[in-house]
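Source file work_7.pdb; content: PDB, C-alpha atoms.
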ATOM      1  CA  MET A   1      49.905 206.041  44.475
ATOM      2  CA  SER A   2      48.714 209.546  43.263
ATOM      3  CA  ASP A   3      45.395 211.349  42.748
ATOM      4  CA  THR A   4      44.520 214.468  40.599
ATOM      5  CA  THR A   5      42.762 217.299  42.424
ATOM      6  CA  GLN A   6      39.997 219.558  40.974
ATOM      7  CA  ASP A   7      42.439 222.354  40.145
ATOM      8  CA  GLY A   8      44.671 219.988  38.219
ATOM      9  CA  GLY A   9      47.234 219.488  40.965
ATOM     10  CA  VAL A  10      48.660 216.103  41.837
ATOM     11  CA  MET A  11      48.325 214.759  45.376
ATOM     12  CA  THR A  12      50.324 211.753  46.490
ATOM     13  CA  SER A  13      49.252 209.404  49.217
ATOM     14  CA  THR A  14      50.908 206.420  50.875
ATOM     15  CA  ARG A  15      49.094 203.237  51.665
ATOM     16  CA  PRO A  16      49.120 202.576  55.425
ATOM     17  CA  SER A  17      51.807 200.073  56.459
ATOM     18  CA  ALA A  18      51.107 197.035  58.603
ATOM     19  CA  ASP A  19      54.036 198.139  60.796
ATOM     20  CA  ASP A  20      52.498 201.517  61.658
ATOM     21  CA  GLY A  21      51.911 201.959  65.362
ATOM     22  CA  LEU A  22      54.312 199.202  66.458
ATOM     23  CA  SER A  23      56.876 199.991  69.126
ATOM     24  CA  PRO A  24      60.557 199.302  68.326
ATOM     25  CA  ALA A  25      60.487 196.178  70.485
ATOM     26  CA  GLU A  26      57.329 194.893  68.766
ATOM     27  CA  LEU A  27      58.785 195.710  65.346
ATOM     28  CA  ALA A  28      61.989 193.812  66.138
ATOM     29  CA  ALA A  29      60.040 190.823  67.409
ATOM     30  CA  LYS A  30      57.839 190.784  64.298
ATOM     31  CA  HIS A  31      60.831 190.612  61.962
ATOM     32  CA  GLY A  32      62.835 188.176  64.066
ATOM     33  CA  LEU A  33      65.454 190.649  65.275
ATOM     34  CA  ALA A  34      67.259 190.232  68.594
ATOM     35  CA  VAL A  35      69.435 192.469  70.733
ATOM     36  CA  SER A  36      73.105 191.981  69.919
ATOM     37  CA  GLY A  37      74.871 190.254  72.820
ATOM     38  CA  ALA A  38      71.671 189.642  74.758
ATOM     39  CA  ARG A  39      71.813 187.034  77.490
ATOM     40  CA  PRO A  40      70.325 183.711  76.338
ATOM     41  CA  GLY A  41      68.095 181.624  78.565
ATOM     42  CA  LEU A  42      69.820 179.409  81.103
ATOM     43  CA  GLY A  43      69.072 176.200  79.197
ATOM     44  CA  GLU A  44      70.300 177.666  75.909
ATOM     45  CA  TYR A  45      73.392 179.036  77.674
ATOM     46  CA  ILE A  46      74.260 175.585  79.000
ATOM     47  CA  ARG A  47      73.753 174.134  75.512
ATOM     48  CA  GLN A  48      76.088 176.743  74.003
ATOM     49  CA  LEU A  49      78.652 176.076  76.708
ATOM     50  CA  TRP A  50      78.539 172.332  76.079
ATOM     51  CA  GLY A  51      79.008 173.000  72.361
ATOM     52  CA  ARG A  52      82.299 174.715  73.177
ATOM     53  CA  ARG A  53      83.638 171.966  75.429
ATOM     54  CA  HIS A  54      86.481 171.217  72.992
ATOM     55  CA  PHE A  55      87.523 174.869  73.029
ATOM     56  CA  ILE A  56      87.500 174.873  76.850
ATOM     57  CA  LEU A  57      89.823 171.872  76.967
ATOM     58  CA  ALA A  58      92.132 173.190  74.232
ATOM     59  CA  PHE A  59      92.270 176.678  75.756
ATOM     60  CA  SER A  60      93.118 175.379  79.232
ATOM     61  CA  SER A  61      95.818 173.066  77.842
ATOM     62  CA  ALA A  62      97.343 175.884  75.790
ATOM     63  CA  LYS A  63      97.401 178.226  78.799
ATOM     64  CA  LEU A  64      99.065 175.531  80.890
ATOM     65  CA  THR A  65     101.734 174.915  78.248
ATOM     66  CA  ALA A  66     102.417 178.629  77.801
ATOM     67  CA  GLN A  67     102.577 179.338  81.541
ATOM     68  CA  TYR A  68     106.190 178.217  81.929
ATOM     69  CA  SER A  69     107.295 178.391  78.288
ATOM     70  CA  GLN A  70     109.953 181.026  79.067
ATOM     71  CA  ALA A  71     111.489 179.071  81.970
ATOM     72  CA  LYS A  72     114.353 176.628  81.403
ATOM     73  CA  LEU A  73     112.761 173.976  83.608
ATOM     74  CA  GLY A  74     109.464 174.439  81.783
ATOM     75  CA  GLN A  75     106.550 172.413  83.143
ATOM     76  CA  LEU A  76     108.652 171.121  86.068
ATOM     77  CA  TRP A  77     107.877 174.398  87.818
ATOM     78  CA  GLN A  78     104.324 173.101  88.220
ATOM     79  CA  VAL A  79     105.724 170.701  90.804
ATOM     80  CA  VAL A  80     108.824 172.555  92.000
ATOM     81  CA  THR A  81     106.907 175.681  93.102
ATOM     82  CA  PRO A  82     104.498 173.990  95.565
ATOM     83  CA  LEU A  83     107.302 171.702  96.759
ATOM     84  CA  LEU A  84     109.467 174.721  97.566
ATOM     85  CA  ASN A  85     106.514 176.292  99.383
ATOM     86  CA  ALA A  86     106.037 173.077 101.353
ATOM     87  CA  GLY A  87     109.748 173.103 102.261
ATOM     88  CA  VAL A  88     109.537 176.666 103.556
ATOM     89  CA  TYR A  89     106.366 175.911 105.544
ATOM     90  CA  TYR A  90     107.971 172.781 107.020
ATOM     91  CA  LEU A  91     110.993 174.789 108.174
ATOM     92  CA  ILE A  92     108.859 177.512 109.772
ATOM     93  CA  PHE A  93     105.862 175.579 111.049
ATOM     94  CA  GLY A  94     107.230 172.056 111.441
ATOM     95  CA  VAL A  95     110.702 172.744 112.826
ATOM     96  CA  ILE A  96     110.601 176.208 114.415
ATOM     97  CA  ILE A  97     106.997 176.533 115.594
ATOM     98  CA  GLY A  98     106.300 172.828 116.102
ATOM     99  CA  ALA A  99     102.951 172.754 114.302
ATOM    100  CA  ASP A 100     103.332 169.007 113.757
ATOM    101  CA  ARG A 101     102.179 168.279 117.313
ATOM    102  CA  GLY A 102      99.935 165.257 117.502
ATOM    103  CA  MET A 103     101.357 163.717 114.311
ATOM    104  CA  PRO A 104     104.430 161.543 113.756
ATOM    105  CA  HIS A 105     107.061 162.702 111.286
ATOM    106  CA  SER A 106     105.933 160.121 108.710
ATOM    107  CA  VAL A 107     102.431 161.615 108.696
ATOM    108  CA  TYR A 108     103.171 165.325 109.053
ATOM    109  CA  ILE A 109     105.337 165.707 105.937
ATOM    110  CA  PRO A 110     102.807 164.164 103.494
ATOM    111  CA  PHE A 111     100.082 165.996 105.467
ATOM    112  CA  LEU A 112     101.831 169.312 104.816
ATOM    113  CA  VAL A 113     102.710 168.624 101.164
ATOM    114  CA  THR A 114      99.141 167.496 100.443
ATOM    115  CA  GLY A 115      97.734 170.624 102.050
ATOM    116  CA  VAL A 116      99.998 172.910 100.018
ATOM    117  CA  PHE A 117      99.232 171.167  96.710
ATOM    118  CA  VAL A 118      95.472 171.007  97.278
ATOM    119  CA  PHE A 119      95.093 174.573  98.536
ATOM    120  CA  THR A 120      97.241 175.830  95.653
ATOM    121  CA  PHE A 121      94.647 174.320  93.302
ATOM    122  CA  THR A 122      91.902 176.471  94.831
ATOM    123  CA  GLN A 123      94.116 179.523  95.226
ATOM    124  CA  ASN A 124      95.294 179.555  91.613
ATOM    125  CA  SER A 125      91.760 178.917  90.315
ATOM    126  CA  VAL A 126      90.494 181.966  92.191
ATOM    127  CA  MET A 127      93.436 184.155  91.203
ATOM    128  CA  ALA A 128      93.002 183.237  87.534
ATOM    129  CA  GLY A 129      89.231 183.600  87.758
ATOM    130  CA  VAL A 130      89.312 187.150  89.077
ATOM    131  CA  ARG A 131      91.146 188.180  85.872
ATOM    132  CA  ALA A 132      89.204 185.888  83.538
ATOM    133  CA  ILE A 133      87.143 188.707  82.027
ATOM    134  CA  SER A 134      89.149 191.841  82.825
ATOM    135  CA  GLY A 135      92.367 190.228  81.578
ATOM    136  CA  ASN A 136      90.851 188.983  78.316
ATOM    137  CA  LEU A 137      88.801 191.970  77.154
ATOM    138  CA  GLY A 138      90.139 191.728  73.611
ATOM    139  CA  LEU A 139      88.797 188.213  73.264
ATOM    140  CA  VAL A 140      85.528 189.049  75.020
ATOM    141  CA  ARG A 141      84.830 192.065  72.798
ATOM    142  CA  ALA A 142      85.931 190.503  69.516
ATOM    143  CA  LEU A 143      84.074 187.176  69.624
ATOM    144  CA  HIS A 144      80.614 186.012  70.642
ATOM    145  CA  PHE A 145      80.755 182.978  72.951
ATOM    146  CA  PRO A 146      79.522 182.030  76.444
ATOM    147  CA  ARG A 147      81.784 184.019  78.752
ATOM    148  CA  ALA A 148      81.686 181.240  81.343
ATOM    149  CA  THR A 149      84.110 179.325  79.137
ATOM    150  CA  LEU A 150      86.914 181.552  80.442
ATOM    151  CA  PRO A 151      86.716 180.988  84.234
ATOM    152  CA  ILE A 152      85.884 177.310  83.661
ATOM    153  CA  SER A 153      88.929 176.985  81.385
ATOM    154  CA  PHE A 154      91.170 178.508  84.039
ATOM    155  CA  ALA A 155      89.807 176.168  86.720
ATOM    156  CA  LEU A 156      90.387 173.228  84.354
ATOM    157  CA  GLN A 157      93.918 174.452  83.730
ATOM    158  CA  GLN A 158      94.626 174.332  87.456
ATOM    159  CA  LEU A 159      93.092 170.849  87.697
ATOM    160  CA  GLN A 160      95.427 169.626  84.959
ATOM    161  CA  GLN A 161      98.339 171.145  86.843
ATOM    162  CA  LEU A 162      97.279 169.433  90.069
ATOM    163  CA  LEU A 163      96.902 166.062  88.320
ATOM    164  CA  PHE A 164     100.462 166.435  87.029
ATOM    165  CA  SER A 165     101.602 167.242  90.569
ATOM    166  CA  MET A 166      99.732 164.268  92.019
ATOM    167  CA  ILE A 167     102.502 162.026  90.707
ATOM    168  CA  VAL A 168     104.946 163.760  93.030
ATOM    169  CA  LEU A 169     102.389 163.831  95.835
ATOM    170  CA  ALA A 170     101.904 160.071  95.523
ATOM    171  CA  GLY A 171     105.679 159.637  95.602
ATOM    172  CA  VAL A 172     105.917 161.645  98.839
ATOM    173  CA  ALA A 173     103.158 159.542 100.424
ATOM    174  CA  ILE A 174     104.864 156.280  99.424
ATOM    175  CA  ALA A 175     108.250 157.537 100.647
ATOM    176  CA  PHE A 176     106.751 158.008 104.123
ATOM    177  CA  GLY A 177     104.991 154.663 104.307
ATOM    178  CA  SER A 178     101.562 155.305 102.772
ATOM    179  CA  TYR A 179     101.282 152.748  99.981
ATOM    180  CA  PRO A 180      98.567 152.556  97.290
ATOM    181  CA  SER A 181      95.320 151.050  98.562
ATOM    182  CA  LEU A 182      91.617 151.117  97.811
ATOM    183  CA  SER A 183      91.312 154.376  99.742
ATOM    184  CA  TRP A 184      93.270 156.083  96.960
ATOM    185  CA  LEU A 185      90.179 155.662  94.751
ATOM    186  CA  LEU A 186      88.519 158.303  96.923
ATOM    187  CA  LEU A 187      90.805 160.831  95.221
ATOM    188  CA  VAL A 188      88.534 160.781  92.155
ATOM    189  CA  PRO A 189      85.313 162.042  93.815
ATOM    190  CA  ALA A 190      87.297 164.321  96.143
ATOM    191  CA  LEU A 191      89.042 166.071  93.243
ATOM    192  CA  ALA A 192      85.808 166.200  91.220
ATOM    193  CA  LEU A 193      84.037 167.970  94.085
ATOM    194  CA  GLN A 194      86.907 170.396  94.505
ATOM    195  CA  PHE A 195      86.909 171.194  90.779
ATOM    196  CA  VAL A 196      83.163 171.961  90.822
ATOM    197  CA  PHE A 197      83.655 174.193  93.860
ATOM    198  CA  ASN A 198      86.674 175.953  92.331
ATOM    199  CA  ALA A 199      84.917 176.522  88.998
ATOM    200  CA  GLY A 200      81.899 178.046  90.747
ATOM    201  CA  LEU A 201      84.059 180.259  92.938
ATOM    202  CA  SER A 202      86.105 181.259  89.894
ATOM    203  CA  MET A 203      82.922 182.403  88.115
ATOM    204  CA  ILE A 204      81.828 184.424  91.140
ATOM    205  CA  VAL A 205      85.110 186.329  91.396
ATOM    206  CA  ALA A 206      85.234 186.648  87.584
ATOM    207  CA  ARG A 207      82.018 188.669  87.689
ATOM    208  CA  TRP A 208      83.369 190.769  90.564
ATOM    209  CA  GLY A 209      86.686 191.266  88.770
ATOM    210  CA  ALA A 210      84.955 192.291  85.536
ATOM    211  CA  LYS A 211      83.278 195.159  87.403
ATOM    212  CA  THR A 212      86.138 195.973  89.795
ATOM    213  CA  PRO A 213      89.558 195.121  88.286
ATOM    214  CA  ASP A 214      91.307 196.338  91.461
ATOM    215  CA  LEU A 215      89.981 193.242  93.208
ATOM    216  CA  ALA A 216      92.912 191.354  91.658
ATOM    217  CA  GLN A 217      95.271 193.375  93.863
ATOM    218  CA  LEU A 218      93.316 192.558  97.033
ATOM    219  CA  MET A 219      92.773 188.862  96.325
ATOM    220  CA  PRO A 220      96.288 187.647  97.352
ATOM    221  CA  PHE A 221      95.712 188.950 100.894
ATOM    222  CA  ILE A 222      92.312 187.267 101.072
ATOM    223  CA  MET A 223      93.738 183.960  99.851
ATOM    224  CA  ARG A 224      96.657 184.111 102.291
ATOM    225  CA  THR A 225      94.256 184.642 105.197
ATOM    226  CA  TRP A 226      92.111 181.750 103.975
ATOM    227  CA  MET A 227      95.170 179.512 103.759
ATOM    228  CA  TYR A 228      96.231 180.159 107.364
ATOM    229  CA  ALA A 229      92.663 179.557 108.549
ATOM    230  CA  SER A 230      92.303 176.238 106.704
ATOM    231  CA  GLY A 231      94.880 174.069 108.435
ATOM    232  CA  VAL A 232      97.341 173.776 105.567
ATOM    233  CA  MET A 233     100.293 173.614 107.951
ATOM    234  CA  PHE A 234      98.684 172.210 111.114
ATOM    235  CA  SER A 235      95.866 170.068 112.439
ATOM    236  CA  ILE A 236      92.987 172.386 113.329
ATOM    237  CA  PRO A 237      91.496 170.353 116.223
ATOM    238  CA  VAL A 238      94.925 169.749 117.780
ATOM    239  CA  MET A 239      96.148 173.334 117.512
ATOM    240  CA  LEU A 240      92.844 174.731 118.806
ATOM    241  CA  SER A 241      92.238 172.148 121.526
ATOM    242  CA  ASP A 242      92.408 174.856 124.212
ATOM    243  CA  LYS A 243      89.984 177.167 122.379
ATOM    244  CA  PRO A 244      86.166 177.117 122.305
ATOM    245  CA  ALA A 245      84.966 174.155 120.223
ATOM    246  CA  TRP A 246      82.933 176.316 117.838
ATOM    247  CA  ILE A 247      86.125 177.974 116.527
ATOM    248  CA  ALA A 248      87.635 174.630 115.478
ATOM    249  CA  ASP A 249      84.300 173.538 113.980
ATOM    250  CA  LEU A 250      84.034 176.750 111.979
ATOM    251  CA  LEU A 251      87.525 176.317 110.537
ATOM    252  CA  GLN A 252      87.159 172.586 109.885
ATOM    253  CA  TYR A 253      83.931 173.025 107.933
ATOM    254  CA  ASN A 254      85.289 175.694 105.626
ATOM    255  CA  PRO A 255      85.483 174.178 102.109
ATOM    256  CA  ALA A 256      89.254 174.489 101.663
ATOM    257  CA  ALA A 257      89.862 172.514 104.873
ATOM    258  CA  LEU A 258      87.300 169.878 103.857
ATOM    259  CA  HIS A 259      88.941 169.290 100.475
ATOM    260  CA  MET A 260      92.368 168.928 102.062
ATOM    261  CA  ASP A 261      91.064 166.553 104.716
ATOM    262  CA  LEU A 262      89.387 164.263 102.181
ATOM    263  CA  ILE A 263      92.522 163.971 100.057
ATOM    264  CA  ARG A 264      94.738 163.500 103.116
ATOM    265  CA  PHE A 265      92.412 160.761 104.342
ATOM    266  CA  ALA A 266      92.580 159.035 100.956
ATOM    267  CA  LEU A 267      96.376 159.237 100.609
ATOM    268  CA  ILE A 268      97.904 159.020 104.092
ATOM    269  CA  ASP A 269      97.595 155.794 106.098
ATOM    270  CA  GLY A 270      98.173 157.506 109.451
ATOM    271  CA  TYR A 271      95.522 160.150 108.817
ATOM    272  CA  GLY A 272      92.401 158.269 109.893
ATOM    273  CA  ALA A 273      88.714 159.067 110.003
ATOM    274  CA  HIS A 274      89.051 160.463 113.544
ATOM    275  CA  ASN A 275      90.765 163.500 111.992
ATOM    276  CA  LEU A 276      87.715 164.322 109.889
ATOM    277  CA  PRO A 277      84.700 166.333 111.049
ATOM    278  CA  PRO A 278      81.327 164.516 111.139
ATOM    279  CA  HIS A 279      79.402 164.213 107.849
ATOM    280  CA  VAL A 280      82.448 165.397 105.922
ATOM    281  CA  TRP A 281      81.313 164.028 102.544
ATOM    282  CA  ALA A 282      77.786 165.438 102.834
ATOM    283  CA  VAL A 283      79.052 168.901 103.792
ATOM    284  CA  THR A 284      81.653 168.886 101.006
ATOM    285  CA  ILE A 285      79.020 167.905  98.428
ATOM    286  CA  ALA A 286      76.752 170.674  99.714
ATOM    287  CA  TRP A 287      79.524 173.273  99.390
ATOM    288  CA  SER A 288      80.336 172.122  95.846
ATOM    289  CA  VAL A 289      76.710 172.152  94.688
ATOM    290  CA  VAL A 290      75.888 175.522  96.240
ATOM    291  CA  ILE A 291      79.035 177.294  95.025
ATOM    292  CA  GLY A 292      79.283 175.422  91.707
ATOM    293  CA  VAL A 293      75.668 175.829  90.600
ATOM    294  CA  GLY A 294      75.116 179.150  92.360
ATOM    295  CA  GLY A 295      78.328 180.605  90.944
ATOM    296  CA  PHE A 296      77.359 179.538  87.425
ATOM    297  CA  ILE A 297      73.915 181.159  87.658
ATOM    298  CA  TYR A 298      75.369 184.280  89.276
ATOM    299  CA  PHE A 299      77.887 184.628  86.436
ATOM    300  CA  TRP A 300      75.263 183.958  83.742
ATOM    301  CA  LYS A 301      72.980 186.708  85.023
ATOM    302  CA  ALA A 302      75.584 189.350  84.032
ATOM    303  CA  GLU A 303      76.462 187.714  80.696
ATOM    304  CA  GLU A 304      75.458 190.707  78.519
ATOM    305  CA  LYS A 305      77.489 193.161  80.649
ATOM    306  CA  TYR A 306      80.947 191.624  80.233
ATOM    307  CA  GLY A 307      83.319 193.708  78.127
ATOM    308  CA  ARG A 308      80.948 196.681  77.868
ATOM    309  CA  GLY A 309      82.640 199.292  79.967
TER     310      GLY A 309
END

Please go through the file and, once you have read it, give me the structure as structure tokens.
Amino acid sequence: MSDTTQDGGVMTSTRPSADDGLSPAELAAKHGLAVSGARPGLGEYIRQLWGRRHFILAFSSAKLTAQYSQAKLGQLWQVVTPLLNAGVYYLIFGVIIGADRGMPHSVYIPFLVTGVFVFTFTQNSVMAGVRAISGNLGLVRALHFPRATLPISFALQQLQQLLFSMIVLAGVAIAFGSYPSLSWLLLVPALALQFVFNAGLSMIVARWGAKTPDLAQLMPFIMRTWMYASGVMFSIPVMLSDKPAWIADLLQYNPAALHMDLIRFALIDGYGAHNLPPHVWAVTIAWSVVIGVGGFIYFWKAEEKYGRG
């Protein structure tokens, strides 16, 4: 609007705006604007993640198919690789070192193969998780989606690979006298608990790896140490019978050892309950809940930082 002054000049004036005096944050809130890439609330984040469940399944299946697409044996390497590892460990630990002490031949071989297959599930989930963000920056920066879909997809990929390998594992157990029984049904909750644990751990290392990509170079050494401390190739209480009891307890209650023990107990007839630590199911559930839920929340808290530097 304009007004004429006494000397004939024209003075313009602007009507005060309702937005005058508002801070940028208040102005954005008034007009319904939000920060691009801001972290949603935990409930909304879970809802968004559930809405992309089909993508998670398709992405994990595609990664699994592409993993061995250049090899002539293709998907058979999913089984051949851990079997070859088990053969090497049997030669070194079973034949040369004699780590099968306390177990007959018919128990030790499925014991060893089960340990290799089950630990490989955790190991590969962690190794894929540490690169989940840093190795997929193009996808993270180009599209808006819950970043937790990536480490969860990689953990699901490794679960699919293990389920494929379980056919061979069941064949090994049968070949050495452990036939299908009701105890085999325990494989379902045991694998479910391990998947929850692996997914949570994968999200934890994914956040670390997003900030420190060099962690991917250190992780193989950490996983190798964890493998040797988890009784993959030997019975922990038997091998440490001459050591202080707390050392064996500490190693037996580590989550990798618990997962292997539960699956060995379910599959192998000669591997009875006396080989398991007390309260094994309760402790395994506790590990899975703490790492699974805690890892998810820990990853979510840095949601807006992924791919930004």

_One-decimal distance in Å that lies between atom CA of A:Gly102 and atom CA of A:Ser241_ = 11.1 Å

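The gap separating atom CA of A:Pro189 from atom CA of A:Leu267 is 13.3 Å, in Å to one decimal.
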
*Would you kindly return, as a list in words, each protein, DNA or RNA residue with an atom no farther than 7 Å from any atom of A:Phe299, considering only C-alpha atoms and excluding same-chain residues fewer than 3 positions away?*
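Answer for this query is Met203, Ile204, Arg207, Gly295, Phe296, Ala302 and Glu303 of chain A.
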
_Å distance separating atom CA of A:Leu182 from atom CA of A:Phe197, one decimal place_ =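 So the answer is 24.7 Å.
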
Matched chain/residue IDs from the PyMOL selection byres ((chain A and resi 161-171) around 9), as a compact mmCIF listing (two decimals) with C-alpha atoms, in the frame of the given file:
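Saved file result_20.txt follows:
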# COMPACT_ATOMS: atom_id res chain seq x y z
CA LEU A 64 99.06 175.53 80.89
CA GLN A 78 104.32 173.10 88.22
CA VAL A 79 105.72 170.70 90.80
CA PRO A 82 104.50 173.99 95.56
CA PRO A 110 102.81 164.16 103.49
CA VAL A 113 102.71 168.62 101.16
CA THR A 114 99.14 167.50 100.44
CA PHE A 117 99.23 171.17 96.71
CA VAL A 118 95.47 171.01 97.28
CA THR A 120 97.24 175.83 95.65
CA PHE A 121 94.65 174.32 93.30
CA LEU A 156 90.39 173.23 84.35
CA GLN A 157 93.92 174.45 83.73
CA GLN A 158 94.63 174.33 87.46
CA LEU A 159 93.09 170.85 87.70
CA GLN A 160 95.43 169.63 84.96
CA VAL A 172 105.92 161.65 98.84
CA ALA A 173 103.16 159.54 100.42
CA ILE A 174 104.86 156.28 99.42
CA ALA A 175 108.25 157.54 100.65
CA PHE A 176 106.75 158.01 104.12
CA SER A 178 101.56 155.30 102.77
CA TYR A 179 101.28 152.75 99.98
CA PRO A 180 98.57 152.56 97.29
CA LEU A 267 96.38 159.24 100.61

*Which of these, A:Gly51, A:Leu262, A:Gln194, A:Lys301, has the shortest distance to A:Ala38 once you count all atoms listed in the file?*
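Answer, going by the shortest atom-to-atom distance: A:Lys301.
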
_Residue by residue, what does the PyMOL selection byres ((chain A and resi 131-137) around 6) grab here? Present the result as a list in words._
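Selected by the PyMOL selection byres ((chain A and resi 131-137) around 6) in this file: Ala128, Gly129, Val130, Gly138, Leu139, Val140, Arg141, Leu150, Pro151, Ala206, Ala210 and Gly307 of chain A.
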
*Counting all atoms listed in the file, what is within 12 Å of A:Ser230, bar same-chain residues fewer than 6 positions away, as an NGL selection string?*
:A and (112 or 115-116 or 118-119 or 122 or 223-224 or 236-237 or 239 or 247-261)

*I would like the residues chosen by the PyMOL selection byres ((chain A and resi 235) around 9) on the shown file; could you give them as a ChimeraX atom specification?*
/A:99-103,231-234,236-240,275

*Which residue, A:Tyr228, A:Trp287, A:Trp246, A:Phe55, has the smallest gap to A:Ala148 when you use only C-alpha atoms?*
A:Phe55

_From A:Pro146, A:Pro244, A:Gly94, A:Gly87, residue lying nearest A:Tyr45 [all atoms listed in the file]_ = A:Pro146

*asked:* Restricting the calculation to all atoms listed in the file: of A:Trp208, A:Tyr306, A:Trp281, A:Trp300, which residue gets closest to A:Gly43?
replied: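 Between A:Trp208, A:Tyr306, A:Trp281, A:Trp300, the residue approaching A:Gly43 most closely is A:Trp300.
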
*Would you kindly identify which residues have an atom no farther than 7 Å from (87.1, 173.6, 85.9), using all atoms listed in the file and the file's own coordinates, and write them out as a ChimeraX atom specification?*
/A:152-156,159,195-196,198-199

*With all atoms listed in the file as the basis for distance, which of A:Leu201, A:Ile285, A:Leu91, A:Ala245 is at the shortest distance from A:Tyr298?*
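When distances to A:Tyr298 are compared using all atoms listed in the file, the smallest one comes from A:Leu201.
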
Mind completing stretch 261-272 of chain A with N, CA, C and O atoms? Output as a compact mmCIF listing (two decimals), in the coordinates of the input, please?
# COMPACT_ATOMS: atom_id res chain seq x y z
N ASP A 261 91.26 167.70 103.83
CA ASP A 261 91.06 166.55 104.72
C ASP A 261 90.69 165.30 103.94
O ASP A 261 91.17 164.19 104.25
N LEU A 262 89.81 165.43 102.95
CA LEU A 262 89.39 164.26 102.18
C LEU A 262 90.56 163.65 101.40
O LEU A 262 90.69 162.42 101.33
N ILE A 263 91.39 164.49 100.83
CA ILE A 263 92.52 163.97 100.06
C ILE A 263 93.60 163.42 100.99
O ILE A 263 94.24 162.40 100.68
N ARG A 264 93.81 164.05 102.13
CA ARG A 264 94.74 163.50 103.12
C ARG A 264 94.26 162.14 103.61
O ARG A 264 95.06 161.20 103.75
N PHE A 265 92.97 162.02 103.88
CA PHE A 265 92.41 160.76 104.34
C PHE A 265 92.60 159.66 103.30
O PHE A 265 92.88 158.51 103.63
N ALA A 266 92.44 160.02 102.03
CA ALA A 266 92.58 159.04 100.96
C ALA A 266 94.03 158.60 100.78
O ALA A 266 94.30 157.42 100.51
N LEU A 267 94.97 159.51 100.93
CA LEU A 267 96.38 159.24 100.61
C LEU A 267 97.21 158.72 101.78
O LEU A 267 98.08 157.87 101.60
N ILE A 268 96.99 159.24 102.97
CA ILE A 268 97.90 159.02 104.09
C ILE A 268 97.34 157.97 105.04
O ILE A 268 96.25 158.16 105.62
N ASP A 269 98.07 156.88 105.24
CA ASP A 269 97.60 155.79 106.10
C ASP A 269 97.39 156.24 107.55
O ASP A 269 96.44 155.84 108.21
N GLY A 270 98.27 157.09 108.06
CA GLY A 270 98.17 157.51 109.45
C GLY A 270 97.18 158.61 109.71
O GLY A 270 97.03 159.05 110.86
N TYR A 271 96.51 159.08 108.66
CA TYR A 271 95.52 160.15 108.82
C TYR A 271 94.14 159.52 108.73
O TYR A 271 93.52 159.46 107.67
N GLY A 272 93.64 159.04 109.87
CA GLY A 272 92.40 158.27 109.89
C GLY A 272 91.14 159.11 109.95
O GLY A 272 91.18 160.35 109.98
